[in-house]
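Colleague: My structure is below; once you've seen it, I'll send some questions.
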Amino acid sequence: MSVCENKTVVQQQLQQQAAAAVAAAAAAAVAQQQQQQPTQVVPQPQHMTPQQQQQSTQSIADYLAQLLKDRKQLAAFPNVFTHVERLLDEEIARVRASLFQINGVKKEPLTLPEPEGAMVTLNEKVYVPVREHPDFNFVGRILGPRGMTAKQLEQETGCKIMVRGKGSMRDKKKEDANRGKPNWEHLSDDLHVLITVEDTENRAKVKLAQAVAEVQKLLVPQAEGEDELKKRQLMELAIINGTYRDTTAKSVAEKRNFRLISTANPSID
């Protein structure tokens, strides 16, 4: 066997070992967290003090950042550890839902009746109060970072959530250029959330009612600095962008630095 062939074999072995290590670590972490029911993913009780709520939210965000980091590392080995990927994705979804339990309010799954009759499509528009609150960023609040808030709402309700009307597009020049054109008729309407659902009528009505109620909650403006949803959206955006600072990692680093300083300076307690 040539030197090049030996080098290739060694590289493949190292990659396989690294993949196995990443998968084992991810699976162990998920299993351990699920067994221990960690405090960072426990719904926040309403009797918590503001400081305790902040610490609990921070712990959840730290754990979510760690999970997403594991998921990114695992993505280097696609279709290799399918069960680990599934477990990790389920844990990420569970922890993310916990992050957005504002004031400890947990969203219960929809209880749907047995399907009756033919499939139907129902729509409803929920108009955004931009005239009453012209300076409030409703679109960002509804969509969330990378559209994650709207996507989460779609998963919870089984409805399609779309922001339509004047001011719904990020590119204002493109919006003005498309207004009045075929398939862009909604741009002539006031800013609104279009909710669409397809199911049997008895089930579609339940889903639609739930989606409308949740969207209406998002359309209640919050005072600057007091919007818990916005704080958590920004936290999630930092996690997605890789700019989030894990407080647990920071704490470990601080302890390590303190030990190094203490070793160099024995007089420090």
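Residues in the structure tokens are numbered from 1 in each chain, the chains being A, B, ... in the order shown, and ligands are numbered from 1 in the order shown.
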May I have the residues within 12 Å of A:Glu108 as a list in words, using only C-alpha atoms and disregarding those fewer than 2 positions away in the same chain?
Modeller: Ala97, Ser98, Gln101, Val105, Lys106, Leu110, Thr111, Glu156, Thr157 and Gln210 of chain A
Colleague: Hey, can you check how far atom CA of A:Met119 sits from atom CA of A:Val212?
Modeller: 20.1 Å
Colleague: Among stretch 65-265 of chain A, which ones does DSSP place in alpha helix (DSSP H), written as a PyMOL selection string?
Modeller: chain A and resi 65-74+82-99+138-143+148-157+172-178+201-218+228-241+247-264
Colleague: With C-alpha atoms retained, could you export that selection as an mmCIF file, in the first residue's frame?
Modeller:
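Writing the result to part-v3.cif gives the following:
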```
data_model
loop_
_atom_site.group_PDB
_atom_site.id
_atom_site.type_symbol
_atom_site.label_atom_id
_atom_site.label_comp_id
_atom_site.auth_asym_id
_atom_site.auth_seq_id
_atom_site.Cartn_x
_atom_site.Cartn_y
_atom_site.Cartn_z
ATOM 1 C CA ALA A 65 -27.243 26.857 22.290
ATOM 2 C CA GLN A 66 -25.387 23.693 23.296
ATOM 3 C CA LEU A 67 -27.932 21.489 21.511
ATOM 4 C CA LEU A 68 -27.733 23.541 18.312
ATOM 5 C CA LYS A 69 -23.950 23.346 18.461
ATOM 6 C CA ASP A 70 -24.193 19.558 18.731
ATOM 7 C CA ARG A 71 -26.654 19.521 15.814
ATOM 8 C CA LYS A 72 -24.247 21.551 13.679
ATOM 9 C CA GLN A 73 -21.397 19.155 14.433
ATOM 10 C CA LEU A 74 -23.604 16.166 13.673
ATOM 11 C CA THR A 82 -30.427 8.988 11.991
ATOM 12 C CA HIS A 83 -31.727 8.032 15.443
ATOM 13 C CA VAL A 84 -29.380 10.459 17.165
ATOM 14 C CA GLU A 85 -30.449 13.209 14.752
ATOM 15 C CA ARG A 86 -34.108 12.504 15.510
ATOM 16 C CA LEU A 87 -33.562 12.534 19.273
ATOM 17 C CA LEU A 88 -31.567 15.753 19.028
ATOM 18 C CA ASP A 89 -34.208 17.441 16.868
ATOM 19 C CA GLU A 90 -36.957 16.427 19.299
ATOM 20 C CA GLU A 91 -34.972 17.788 22.233
ATOM 21 C CA ILE A 92 -34.268 21.053 20.399
ATOM 22 C CA ALA A 93 -37.989 21.490 19.669
ATOM 23 C CA ARG A 94 -38.887 20.734 23.300
ATOM 24 C CA VAL A 95 -36.330 23.145 24.740
ATOM 25 C CA ARG A 96 -37.218 25.882 22.261
ATOM 26 C CA ALA A 97 -40.873 25.593 23.254
ATOM 27 C CA SER A 98 -39.800 25.901 26.894
ATOM 28 C CA LEU A 99 -37.804 29.044 26.079
ATOM 29 C CA PHE A 138 -45.485 44.127 14.497
ATOM 30 C CA VAL A 139 -44.029 42.239 11.531
ATOM 31 C CA GLY A 140 -40.842 41.365 13.408
ATOM 32 C CA ARG A 141 -42.824 40.320 16.465
ATOM 33 C CA ILE A 142 -45.088 38.028 14.432
ATOM 34 C CA LEU A 143 -42.365 36.427 12.314
ATOM 35 C CA MET A 148 -39.168 30.974 13.719
ATOM 36 C CA THR A 149 -42.023 32.495 15.756
ATOM 37 C CA ALA A 150 -44.479 32.112 12.879
ATOM 38 C CA LYS A 151 -43.193 28.610 12.109
ATOM 39 C CA GLN A 152 -43.659 27.581 15.734
ATOM 40 C CA LEU A 153 -47.206 28.916 15.648
ATOM 41 C CA GLU A 154 -47.879 26.957 12.454
ATOM 42 C CA GLN A 155 -46.682 23.754 14.138
ATOM 43 C CA GLU A 156 -48.832 24.375 17.209
ATOM 44 C CA THR A 157 -52.043 25.202 15.330
ATOM 45 C CA LYS A 172 -40.184 48.726 0.258
ATOM 46 C CA LYS A 173 -39.107 49.545 -3.293
ATOM 47 C CA LYS A 174 -40.053 46.053 -4.444
ATOM 48 C CA GLU A 175 -43.352 46.336 -2.585
ATOM 49 C CA ASP A 176 -44.192 49.623 -4.332
ATOM 50 C CA ALA A 177 -43.174 48.155 -7.697
ATOM 51 C CA ASN A 178 -45.376 45.065 -7.264
ATOM 52 C CA GLU A 201 -64.659 21.543 8.720
ATOM 53 C CA ASN A 202 -65.089 20.560 12.368
ATOM 54 C CA ARG A 203 -61.328 20.299 12.872
ATOM 55 C CA ALA A 204 -60.438 23.303 10.708
ATOM 56 C CA LYS A 205 -62.619 25.602 12.821
ATOM 57 C CA VAL A 206 -60.839 24.561 16.013
ATOM 58 C CA LYS A 207 -57.411 25.086 14.468
ATOM 59 C CA LEU A 208 -58.377 28.429 12.960
ATOM 60 C CA ALA A 209 -59.843 29.736 16.224
ATOM 61 C CA GLN A 210 -56.669 28.800 18.093
ATOM 62 C CA ALA A 211 -54.435 30.437 15.482
ATOM 63 C CA VAL A 212 -56.487 33.655 15.513
ATOM 64 C CA ALA A 213 -56.283 33.824 19.315
ATOM 65 C CA GLU A 214 -52.506 33.331 19.294
ATOM 66 C CA VAL A 215 -51.968 35.927 16.561
ATOM 67 C CA GLN A 216 -54.097 38.453 18.431
ATOM 68 C CA LYS A 217 -51.825 38.021 21.454
ATOM 69 C CA LEU A 218 -48.869 38.991 19.264
ATOM 70 C CA GLU A 228 -40.451 39.321 27.160
ATOM 71 C CA LEU A 229 -41.185 37.788 23.760
ATOM 72 C CA LYS A 230 -38.844 40.233 22.012
ATOM 73 C CA LYS A 231 -36.093 39.534 24.562
ATOM 74 C CA ARG A 232 -36.321 35.819 23.876
ATOM 75 C CA GLN A 233 -36.528 36.345 20.122
ATOM 76 C CA LEU A 234 -33.298 38.352 20.260
ATOM 77 C CA MET A 235 -31.750 35.652 22.430
ATOM 78 C CA GLU A 236 -32.732 32.998 19.895
ATOM 79 C CA LEU A 237 -31.393 35.145 17.033
ATOM 80 C CA ALA A 238 -28.026 35.388 18.792
ATOM 81 C CA ILE A 239 -28.003 31.603 19.245
ATOM 82 C CA ILE A 240 -28.805 31.045 15.551
ATOM 83 C CA ASN A 241 -26.147 33.545 14.435
ATOM 84 C CA THR A 247 -23.108 31.600 30.543
ATOM 85 C CA THR A 248 -22.179 28.075 31.641
ATOM 86 C CA ALA A 249 -19.096 28.099 29.402
ATOM 87 C CA LYS A 250 -18.264 31.580 30.680
ATOM 88 C CA SER A 251 -18.585 30.389 34.275
ATOM 89 C CA VAL A 252 -16.266 27.430 33.638
ATOM 90 C CA ALA A 253 -13.717 29.723 31.982
ATOM 91 C CA GLU A 254 -13.859 32.169 34.895
ATOM 92 C CA LYS A 255 -13.282 29.385 37.413
ATOM 93 C CA ARG A 256 -10.361 28.056 35.354
ATOM 94 C CA ASN A 257 -8.796 31.515 35.130
ATOM 95 C CA PHE A 258 -9.268 32.029 38.860
ATOM 96 C CA ARG A 259 -7.465 28.742 39.573
ATOM 97 C CA LEU A 260 -4.590 29.777 37.296
ATOM 98 C CA ILE A 261 -4.319 33.160 39.038
ATOM 99 C CA SER A 262 -4.538 31.516 42.452
ATOM 100 C CA THR A 263 -1.744 29.107 41.519
ATOM 101 C CA ALA A 264 0.449 31.955 40.343
#
```
Colleague: Which residue, A:Gly158, A:Thr200, A:Asn137, A:Arg170, has the smallest gap to A:Ala223 when you use only C-alpha atoms?
Modeller: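 Closest residue, counting only C-alpha atoms: A:Asn137.
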Colleague: Pick out the closest residue to A:Ala118 from this set: A:Ala75, A:Glu198, A:Asp62, A:Thr57. Count only C-alpha atoms.
Modeller: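 That would be A:Glu198, the residue with the smallest distance to A:Ala118.
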Colleague: How far is it from atom CA of A:Asp246 to atom CA of A:Gln222, in Å with one decimal?
Modeller: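 Atom-to-atom, atom CA of A:Asp246 to atom CA of A:Gln222, that is 27.2 Å.
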Colleague: What is the distance, in Å and to one decimal place, between atom CA of A:Thr196 and atom CA of A:Glu132?
Modeller: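 These two atoms are separated by 25.8 Å.
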